[in-house]
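Trainee: The structure is given below, and queries will be raised subsequently.
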Amino acid sequence: MTDKFKDKGFATRAVRVGHRRTAEGEQSEPIFPTSSFTFDSAEQAAARFAGEEPGNIYSRFTNPTVRTFEERLAALEGAESTVATSSGMSAILSTMMALLQAGDHIVSSMSIFGTTRVLFDKYLSKFGISTNYVKLSDLDDWKKAITPQTKILFLETPSNPLNEIADLEALSALAKENGCLLVVDNCFCTPALQQPLKFGADIVVHSATKYIDGQGRCIGGAVVGDAQLVGEDVYGFLRTAGPTMSPFNAWTFMKGLETLDLRMKAHSASALELATWLEQQSAVSKVFYAGLPTHPQHELAKKQQSAFGGIIAFEIKGGKQDAWKLINSLEWISITANLGDSKTTITHPATTTHGRLTDEARALAGITDGMLRISVGLESIDDVKADLARGFAAI
Ligand SMILES: *Cc1c(COP(=O)(O)O)cnc(C)c1O
């Protein structure tokens, strides 16, 4: 079905794509909390099950609310297909289960979400899928790690939490030369700031839990790409294995998309101001934010992204002791590992999000004991600074 909003501007697509107004004339998109759907006749039921007629069957794999979210996100990433999933992790799992088999090999950036690494090392390995890790920004490292068995290159850019940037055009060319797929976790930027498919990536995965919701309410994810790899292959896994997004969550995420453009601009503006301020604090040895001109990949970030997002990492000179002291002296900034929320959050990656890595893996990924990560929310930035100043005063 063609959607008259598909070729409109980003903000218009974010608000309008995918809503097929029902006979009730509703202005806001409806939620369809139904497990199954009825058919007009035995013939129609048979045609739906045989895949000869499009339409709803059963909400494990066809639900109108979920479909509206999928069509809207696909339109924002510039893709043919989106498959919504129950979480960001199940988006990554579904991609790998659908596209890989025993004997296949993944080359992954070492600077990825800690749980993704556990998924690769502890679980995919049980089924004969091996993974090697490379430095995100070192193209030679990627080249050396690719073997004839390599099927997927996997990365996040900017990385979590260090804000390292991948050269998407160079890596997609490398993937094509070697017959691999480039899979990008676009959680930190969202399509409002970066559309990896435009730079040659084959598949984008999302934790919708983060900025797509944007208000810390629901868990969900998505896989975005072309009609074959995502629309057929990943969809086929989802329909069979069932890591499905609920209609209620799909509705929440769809509403999140309506304000995504505005929110990402606001998160980015506040984060840039805060990163600049953090650089001036005497207790801070280093700030990791790609929006700073001092960031070694600032130019590459400017090429790929329209702004730099809301995540800042910084290093406290006094190590873990002072980092924890800062956290514990805050009045109201939320101590939680979640990110991409309208509420500003702070976490100590070495003992939380990256706590399950071995000391060696953590050191290689550049996560030091004095590092803190802030997800800059939508509060008044002067208040965020004032709360952090309280933390710095306690050190
Ligand atoms: C949170 C996160 C995930 C996992 O998403 P869930 O929705 O928590 O399952 C994957 N990648 C990145 C970069 C994340 O931040």
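By convention here, the chains of the structure tokens are called A, B, ... in the order presented, each chain's residues are numbered starting at 1, and ligands are numbered starting at 1 in the order presented.
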Residues of chain A that have any atom at most 6 Å from an atom of ligand 1: could you tabulate them with the shortest-distance atom pair and the distance in Å to one decimal, using only C-alpha atoms and all ligand atoms, ordered by chain and increasing number, as a Markdown table?

Mentor:
```
| residue | atom | partner | partner_atom_place_in_ligand_line | distance |
| --- | --- | --- | --- | --- |
| A:Ser87 | CA | ligand 1 | 7 (O) | 4.1 |
| A:Gly88 | CA | ligand 1 | 5 (O) | 3.4 |
| A:Met89 | CA | ligand 1 | 9 (O) | 3.9 |
| A:Phe113 | CA | ligand 1 | 12 (C) | 5.1 |
| A:Cys187 | CA | ligand 1 | 13 (C) | 5.1 |
| A:Ser207 | CA | ligand 1 | 5 (O) | 4.2 |
| A:Thr209 | CA | ligand 1 | 7 (O) | 4.8 |
| A:Ile219 | CA | ligand 1 | 7 (O) | 5.2 |
| A:Gly220 | CA | ligand 1 | 7 (O) | 5.1 |
| A:Gly221 | CA | ligand 1 | 7 (O) | 5.7 |
```

Trainee: What would the file look like if the residues just selected were written as a PDB file, in the first residue's frame with N, CA, C and O atoms?

Mentor:
```pdb
ATOM      1  N   SER A  87      12.375  -6.238  22.196  1.00  0.00           N
ATOM      2  CA  SER A  87      13.438  -5.472  22.864  1.00  0.00           C
ATOM      3  C   SER A  87      14.546  -5.207  21.854  1.00  0.00           C
ATOM      4  O   SER A  87      14.550  -5.797  20.756  1.00  0.00           O
ATOM      5  N   GLY A  88      15.482  -4.345  22.230  1.00  0.00           N
ATOM      6  CA  GLY A  88      16.649  -4.136  21.373  1.00  0.00           C
ATOM      7  C   GLY A  88      17.469  -5.417  21.255  1.00  0.00           C
ATOM      8  O   GLY A  88      17.969  -5.744  20.177  1.00  0.00           O
ATOM      9  N   MET A  89      17.608  -6.149  22.362  1.00  0.00           N
ATOM     10  CA  MET A  89      18.367  -7.395  22.308  1.00  0.00           C
ATOM     11  C   MET A  89      17.714  -8.403  21.376  1.00  0.00           C
ATOM     12  O   MET A  89      18.391  -9.123  20.647  1.00  0.00           O
ATOM     13  N   PHE A 113      27.413  -2.295  23.207  1.00  0.00           N
ATOM     14  CA  PHE A 113      26.608  -2.513  24.411  1.00  0.00           C
ATOM     15  C   PHE A 113      27.034  -3.840  25.061  1.00  0.00           C
ATOM     16  O   PHE A 113      27.144  -4.862  24.382  1.00  0.00           O
ATOM     17  N   CYS A 187      21.083   3.113  17.797  1.00  0.00           N
ATOM     18  CA  CYS A 187      20.384   3.498  19.023  1.00  0.00           C
ATOM     19  C   CYS A 187      20.712   4.919  19.478  1.00  0.00           C
ATOM     20  O   CYS A 187      19.841   5.671  19.890  1.00  0.00           O
ATOM     21  N   SER A 207      17.379  -0.281  19.676  1.00  0.00           N
ATOM     22  CA  SER A 207      16.688  -0.440  20.939  1.00  0.00           C
ATOM     23  C   SER A 207      15.708   0.730  20.995  1.00  0.00           C
ATOM     24  O   SER A 207      16.106   1.872  21.266  1.00  0.00           O
ATOM     25  N   THR A 209      13.648   1.197  23.144  1.00  0.00           N
ATOM     26  CA  THR A 209      13.586   1.530  24.569  1.00  0.00           C
ATOM     27  C   THR A 209      14.208   2.894  24.871  1.00  0.00           C
ATOM     28  O   THR A 209      13.828   3.557  25.835  1.00  0.00           O
ATOM     29  N   ILE A 219       9.911  -1.256  26.767  1.00  0.00           N
ATOM     30  CA  ILE A 219      11.029  -1.992  26.173  1.00  0.00           C
ATOM     31  C   ILE A 219      10.615  -2.444  24.777  1.00  0.00           C
ATOM     32  O   ILE A 219       9.530  -3.016  24.608  1.00  0.00           O
ATOM     33  N   GLY A 220      11.479  -2.193  23.795  1.00  0.00           N
ATOM     34  CA  GLY A 220      11.176  -2.636  22.435  1.00  0.00           C
ATOM     35  C   GLY A 220      12.369  -2.452  21.528  1.00  0.00           C
ATOM     36  O   GLY A 220      13.372  -1.836  21.918  1.00  0.00           O
ATOM     37  N   GLY A 221      12.269  -3.002  20.316  1.00  0.00           N
ATOM     38  CA  GLY A 221      13.363  -2.868  19.364  1.00  0.00           C
ATOM     39  C   GLY A 221      12.858  -2.972  17.946  1.00  0.00           C
ATOM     40  O   GLY A 221      11.658  -3.140  17.709  1.00  0.00           O
TER      41      GLY A 221
END
```

Trainee: List the spatial neighbours of stretch 26-29 of chain A as a VMD selection string - criterion: any atom at most 8 Å away, only C-alpha atoms, same-chain residues fewer than 3 positions off excluded.

Mentor: chain A and resid 19 21 to 22 65 251

Trainee: Give me a file of those residues, with all heavy atoms, as a PDB file, in the first residue's frame.

Mentor:
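Okay, result.pdb is ready:
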```
ATOM      1  N   HIS A  19      -0.643   5.615   9.324  1.00  0.00           N
ATOM      2  CA  HIS A  19      -1.974   5.572   9.945  1.00  0.00           C
ATOM      3  C   HIS A  19      -3.042   5.391   8.873  1.00  0.00           C
ATOM      4  O   HIS A  19      -3.233   6.259   8.034  1.00  0.00           O
ATOM      5  CB  HIS A  19      -2.222   6.874  10.724  1.00  0.00           C
ATOM      6  CG  HIS A  19      -3.563   6.910  11.403  1.00  0.00           C
ATOM      7  ND1 HIS A  19      -4.151   8.071  11.824  1.00  0.00           N
ATOM      8  CD2 HIS A  19      -4.440   5.917  11.722  1.00  0.00           C
ATOM      9  CE1 HIS A  19      -5.332   7.801  12.381  1.00  0.00           C
ATOM     10  NE2 HIS A  19      -5.522   6.502  12.328  1.00  0.00           N
ATOM     11  N   ARG A  21      -6.692   5.489   8.742  1.00  0.00           N
ATOM     12  CA  ARG A  21      -7.807   5.898   9.598  1.00  0.00           C
ATOM     13  C   ARG A  21      -8.967   4.910   9.455  1.00  0.00           C
ATOM     14  O   ARG A  21      -9.316   4.513   8.348  1.00  0.00           O
ATOM     15  CB  ARG A  21      -8.226   7.321   9.210  1.00  0.00           C
ATOM     16  CG  ARG A  21      -9.070   8.015  10.225  1.00  0.00           C
ATOM     17  CD  ARG A  21      -9.149   9.521   9.961  1.00  0.00           C
ATOM     18  NE  ARG A  21      -8.012  10.233  10.533  1.00  0.00           N
ATOM     19  CZ  ARG A  21      -7.256  11.113   9.874  1.00  0.00           C
ATOM     20  NH1 ARG A  21      -7.510  11.396   8.624  1.00  0.00           N
ATOM     21  NH2 ARG A  21      -6.260  11.721  10.487  1.00  0.00           N
ATOM     22  N   THR A  22      -9.561   4.507  10.564  1.00  0.00           N
ATOM     23  CA  THR A  22     -10.680   3.557  10.503  1.00  0.00           C
ATOM     24  C   THR A  22     -11.992   4.311  10.281  1.00  0.00           C
ATOM     25  O   THR A  22     -12.020   5.545  10.242  1.00  0.00           O
ATOM     26  CB  THR A  22     -10.812   2.747  11.812  1.00  0.00           C
ATOM     27  OG1 THR A  22     -11.363   3.606  12.825  1.00  0.00           O
ATOM     28  CG2 THR A  22      -9.473   2.207  12.289  1.00  0.00           C
ATOM     29  N   THR A  65      -1.389  -1.945  14.767  1.00  0.00           N
ATOM     30  CA  THR A  65      -0.677  -0.897  15.514  1.00  0.00           C
ATOM     31  C   THR A  65       0.832  -1.077  15.351  1.00  0.00           C
ATOM     32  O   THR A  65       1.572  -0.109  15.137  1.00  0.00           O
ATOM     33  CB  THR A  65      -1.052  -0.925  17.004  1.00  0.00           C
ATOM     34  OG1 THR A  65      -2.462  -1.054  17.120  1.00  0.00           O
ATOM     35  CG2 THR A  65      -0.580   0.317  17.716  1.00  0.00           C
ATOM     36  N   TRP A 251       2.364   1.421  20.022  1.00  0.00           N
ATOM     37  CA  TRP A 251       1.675   2.713  20.046  1.00  0.00           C
ATOM     38  C   TRP A 251       2.536   3.762  20.764  1.00  0.00           C
ATOM     39  O   TRP A 251       2.683   4.899  20.302  1.00  0.00           O
ATOM     40  CB  TRP A 251       0.323   2.558  20.749  1.00  0.00           C
ATOM     41  CG  TRP A 251      -0.507   3.792  20.746  1.00  0.00           C
ATOM     42  CD1 TRP A 251      -1.331   4.222  19.743  1.00  0.00           C
ATOM     43  CD2 TRP A 251      -0.591   4.770  21.795  1.00  0.00           C
ATOM     44  NE1 TRP A 251      -1.928   5.410  20.110  1.00  0.00           N
ATOM     45  CE2 TRP A 251      -1.492   5.770  21.355  1.00  0.00           C
ATOM     46  CE3 TRP A 251       0.009   4.894  23.042  1.00  0.00           C
ATOM     47  CZ2 TRP A 251      -1.806   6.884  22.140  1.00  0.00           C
ATOM     48  CZ3 TRP A 251      -0.300   5.997  23.813  1.00  0.00           C
ATOM     49  CH2 TRP A 251      -1.204   6.985  23.357  1.00  0.00           C
TER      50      TRP A 251
END
```

Trainee: Can you tell me which residues surround A:Val15 at a distance of at most 9 Å, considering only C-alpha atoms, apart from same-chain residues fewer than 3 positions away, and format the answer as a list in words?

Mentor: Phe10, Ala11, Thr12, Arg72, Met254, Lys255, Leu257, Glu258 and Thr259 of chain A

Trainee: Could the residues in this selection be saved with all heavy atoms as an mmCIF file, in the first residue's frame?

Mentor:
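And here's result.cif as it stands now:
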```cif
data_model
loop_
_atom_site.group_PDB
_atom_site.id
_atom_site.type_symbol
_atom_site.label_atom_id
_atom_site.label_comp_id
_atom_site.auth_asym_id
_atom_site.auth_seq_id
_atom_site.Cartn_x
_atom_site.Cartn_y
_atom_site.Cartn_z
ATOM 1 N N PHE A 10 11.163 14.906 6.777
ATOM 2 C CA PHE A 10 11.380 13.974 7.892
ATOM 3 C C PHE A 10 10.330 14.150 8.989
ATOM 4 O O PHE A 10 9.712 13.190 9.453
ATOM 5 C CB PHE A 10 12.794 14.179 8.465
ATOM 6 C CG PHE A 10 13.155 13.179 9.528
ATOM 7 C CD1 PHE A 10 13.814 12.007 9.197
ATOM 8 C CD2 PHE A 10 12.828 13.411 10.862
ATOM 9 C CE1 PHE A 10 14.138 11.073 10.175
ATOM 10 C CE2 PHE A 10 13.147 12.482 11.847
ATOM 11 C CZ PHE A 10 13.798 11.310 11.497
ATOM 12 N N ALA A 11 10.124 15.409 9.402
ATOM 13 C CA ALA A 11 9.204 15.650 10.519
ATOM 14 C C ALA A 11 7.765 15.281 10.143
ATOM 15 O O ALA A 11 6.996 14.793 10.982
ATOM 16 C CB ALA A 11 9.289 17.115 10.956
ATOM 17 N N THR A 12 7.402 15.469 8.875
ATOM 18 C CA THR A 12 6.059 15.098 8.418
ATOM 19 C C THR A 12 5.887 13.583 8.436
ATOM 20 O O THR A 12 4.873 13.059 8.926
ATOM 21 C CB THR A 12 5.810 15.642 6.995
ATOM 22 O OG1 THR A 12 6.120 17.036 6.978
ATOM 23 C CG2 THR A 12 4.368 15.432 6.557
ATOM 24 N N ARG A 72 6.315 3.596 9.825
ATOM 25 C CA ARG A 72 6.796 4.943 10.140
ATOM 26 C C ARG A 72 8.312 4.934 10.332
ATOM 27 O O ARG A 72 9.029 5.780 9.795
ATOM 28 C CB ARG A 72 6.078 5.467 11.386
ATOM 29 C CG ARG A 72 6.181 6.947 11.558
ATOM 30 C CD ARG A 72 5.230 7.458 12.612
ATOM 31 N NE ARG A 72 3.836 7.465 12.174
ATOM 32 C CZ ARG A 72 2.827 7.916 12.906
ATOM 33 N NH1 ARG A 72 3.046 8.396 14.111
ATOM 34 N NH2 ARG A 72 1.597 7.894 12.447
ATOM 35 N N MET A 254 5.419 4.662 18.488
ATOM 36 C CA MET A 254 4.938 5.443 17.350
ATOM 37 C C MET A 254 4.718 6.890 17.766
ATOM 38 O O MET A 254 5.075 7.830 17.056
ATOM 39 C CB MET A 254 3.629 4.801 16.878
ATOM 40 C CG MET A 254 2.838 5.565 15.876
ATOM 41 S SD MET A 254 1.092 5.246 16.165
ATOM 42 C CE MET A 254 1.052 3.478 16.149
ATOM 43 N N LYS A 255 4.156 7.087 18.950
ATOM 44 C CA LYS A 255 3.967 8.445 19.468
ATOM 45 C C LYS A 255 5.319 9.085 19.768
ATOM 46 O O LYS A 255 5.499 10.298 19.625
ATOM 47 C CB LYS A 255 3.093 8.408 20.731
ATOM 48 C CG LYS A 255 1.632 8.114 20.421
ATOM 49 C CD LYS A 255 1.102 9.204 19.508
ATOM 50 C CE LYS A 255 -0.330 9.037 19.131
ATOM 51 N NZ LYS A 255 -0.722 9.986 18.058
ATOM 52 N N LEU A 257 7.988 8.612 18.024
ATOM 53 C CA LEU A 257 8.545 9.062 16.737
ATOM 54 C C LEU A 257 8.037 10.455 16.366
ATOM 55 O O LEU A 257 8.741 11.223 15.717
ATOM 56 C CB LEU A 257 8.199 8.065 15.619
ATOM 57 C CG LEU A 257 8.899 6.709 15.672
ATOM 58 C CD1 LEU A 257 8.419 5.821 14.522
ATOM 59 C CD2 LEU A 257 10.415 6.848 15.628
ATOM 60 N N GLU A 258 6.816 10.791 16.786
ATOM 61 C CA GLU A 258 6.235 12.087 16.402
ATOM 62 C C GLU A 258 7.045 13.269 16.942
ATOM 63 O O GLU A 258 7.054 14.333 16.350
ATOM 64 C CB GLU A 258 4.770 12.167 16.871
ATOM 65 C CG GLU A 258 3.890 11.167 16.136
ATOM 66 C CD GLU A 258 2.415 11.261 16.455
ATOM 67 O OE1 GLU A 258 2.002 12.160 17.226
ATOM 68 O OE2 GLU A 258 1.654 10.420 15.947
ATOM 69 N N THR A 259 7.710 13.078 18.070
ATOM 70 C CA THR A 259 8.495 14.171 18.666
ATOM 71 C C THR A 259 10.006 13.921 18.571
ATOM 72 O O THR A 259 10.798 14.682 19.138
ATOM 73 C CB THR A 259 8.122 14.362 20.152
ATOM 74 O OG1 THR A 259 8.311 13.109 20.840
ATOM 75 C CG2 THR A 259 6.677 14.800 20.316
#
```

Trainee: Excluding A:Glu156 and residues on its chain fewer than 4 positions from it, collect all residues at most 10 Å away from it, counting only C-alpha atoms, and give them as number ranges by chain.

Mentor: A: 108-113, 136, 160, 163-166, 183-189, 204-205

Trainee: Taking N, CA and C atoms for each residue, export the selection above as a CSV table (one decimal), in the first residue's frame.

Mentor:
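Written out: result.csv:
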```csv
chain,number,residue,atom,x,y,z
A,108,SER,N,32.9,-7.8,15.0
A,108,SER,CA,32.2,-6.8,15.7
A,108,SER,C,33.2,-5.8,16.3
A,109,SER,N,32.7,-4.6,16.4
A,109,SER,CA,33.4,-3.5,17.1
A,109,SER,C,33.5,-4.0,18.6
A,110,MET,N,34.6,-3.7,19.3
A,110,MET,CA,34.7,-4.1,20.7
A,110,MET,C,33.9,-3.0,21.5
A,111,SER,N,33.6,-1.9,21.0
A,111,SER,CA,32.9,-0.8,21.7
A,111,SER,C,31.4,-1.0,21.5
A,112,ILE,N,30.8,-2.0,22.0
A,112,ILE,CA,29.4,-2.2,21.8
A,112,ILE,C,28.7,-2.4,23.2
A,113,PHE,N,27.4,-2.3,23.2
A,113,PHE,CA,26.6,-2.5,24.4
A,113,PHE,C,27.0,-3.8,25.1
A,136,LEU,N,36.8,0.0,16.7
A,136,LEU,CA,35.8,0.5,15.8
A,136,LEU,C,36.4,1.4,14.7
A,160,ASN,N,29.0,3.3,22.5
A,160,ASN,CA,28.5,3.4,23.9
A,160,ASN,C,29.6,2.9,24.8
A,163,ASN,N,31.7,7.4,22.5
A,163,ASN,CA,31.5,8.3,21.4
A,163,ASN,C,32.5,8.2,20.3
A,164,GLU,N,33.0,6.9,20.1
A,164,GLU,CA,33.9,6.7,19.0
A,164,GLU,C,33.0,6.6,17.7
A,165,ILE,N,33.5,7.0,16.6
A,165,ILE,CA,32.7,7.1,15.3
A,165,ILE,C,33.3,6.1,14.3
A,166,ALA,N,32.4,5.3,13.7
A,166,ALA,CA,32.8,4.4,12.6
A,166,ALA,C,32.7,5.1,11.3
A,183,VAL,N,25.9,-4.4,9.7
A,183,VAL,CA,24.7,-4.2,10.6
A,183,VAL,C,25.1,-3.1,11.6
A,184,VAL,N,24.3,-2.0,11.6
A,184,VAL,CA,24.6,-0.9,12.5
A,184,VAL,C,23.5,-0.7,13.5
A,185,ASP,N,23.9,-0.7,14.8
A,185,ASP,CA,23.0,-0.4,15.9
A,185,ASP,C,22.9,1.1,16.0
A,186,ASN,N,21.8,1.7,15.6
A,186,ASN,CA,21.6,3.2,15.5
A,186,ASN,C,20.9,3.8,16.7
A,187,CYS,N,21.1,3.1,17.8
A,187,CYS,CA,20.4,3.5,19.0
A,187,CYS,C,20.7,4.9,19.5
A,188,PHE,N,22.0,5.3,19.4
A,188,PHE,CA,22.4,6.6,20.0
A,188,PHE,C,22.0,7.8,19.1
A,189,CYS,N,21.9,7.6,17.8
A,189,CYS,CA,21.6,8.8,17.0
A,189,CYS,C,20.1,8.8,16.6
A,204,VAL,N,19.9,-1.8,9.9
A,204,VAL,CA,20.0,-1.0,11.1
A,204,VAL,C,19.2,-1.7,12.2
A,205,VAL,N,19.7,-1.8,13.4
A,205,VAL,CA,19.0,-2.3,14.5
A,205,VAL,C,18.8,-1.2,15.5
```

Trainee: Write out as a PyMOL selection string each polymer residue whose atoms come within 12 Å of stretch 323-332 of chain A, counting only C-alpha atoms; drop sequence neighbours fewer than 4 positions from it.

Mentor: chain A and resi 283-285+313-319+336+343-351+368-374+379+383-395

Trainee: Might you pull out every residue within 9 Å of A:Ala222, with only C-alpha atoms counted and same-chain residues fewer than 2 positions away left off, and present them as a PyMOL selection string?

Mentor: chain A and resi 70+73+82-88+90-92+204-208+220+224+245

Trainee: Atom CA of A:Val230 and atom CA of A:Leu300, how far apart in Å?

Mentor: 28.1 Å

Trainee: Using only C-alpha atoms, which residue out of A:His105, A:Lys198, A:Lys126, A:Arg16 lies closest to A:Gln149?

Mentor: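 Result for the nearest residue to A:Gln149: A:His105.
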
Trainee: Please list as a list in words every residue within 12 Å of A:Arg356, counting only C-alpha atoms and excluding residues in the same chain fewer than 4 positions away.

Mentor: Phe113, Gly114, Thr115, Thr116, Arg117, Val118, Leu119, Asp121, Lys122, Pro349, Ala350, Thr351, Thr352, Glu360, Ala361 and Arg362 of chain A

Trainee: Just to confirm, what's the straight-line distance from atom CA of A:Lys6 to atom CA of A:Ser59 in Å (one decimal)?

Mentor: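 For atom CA of A:Lys6 relative to atom CA of A:Ser59, the distance reads 24.9 Å.
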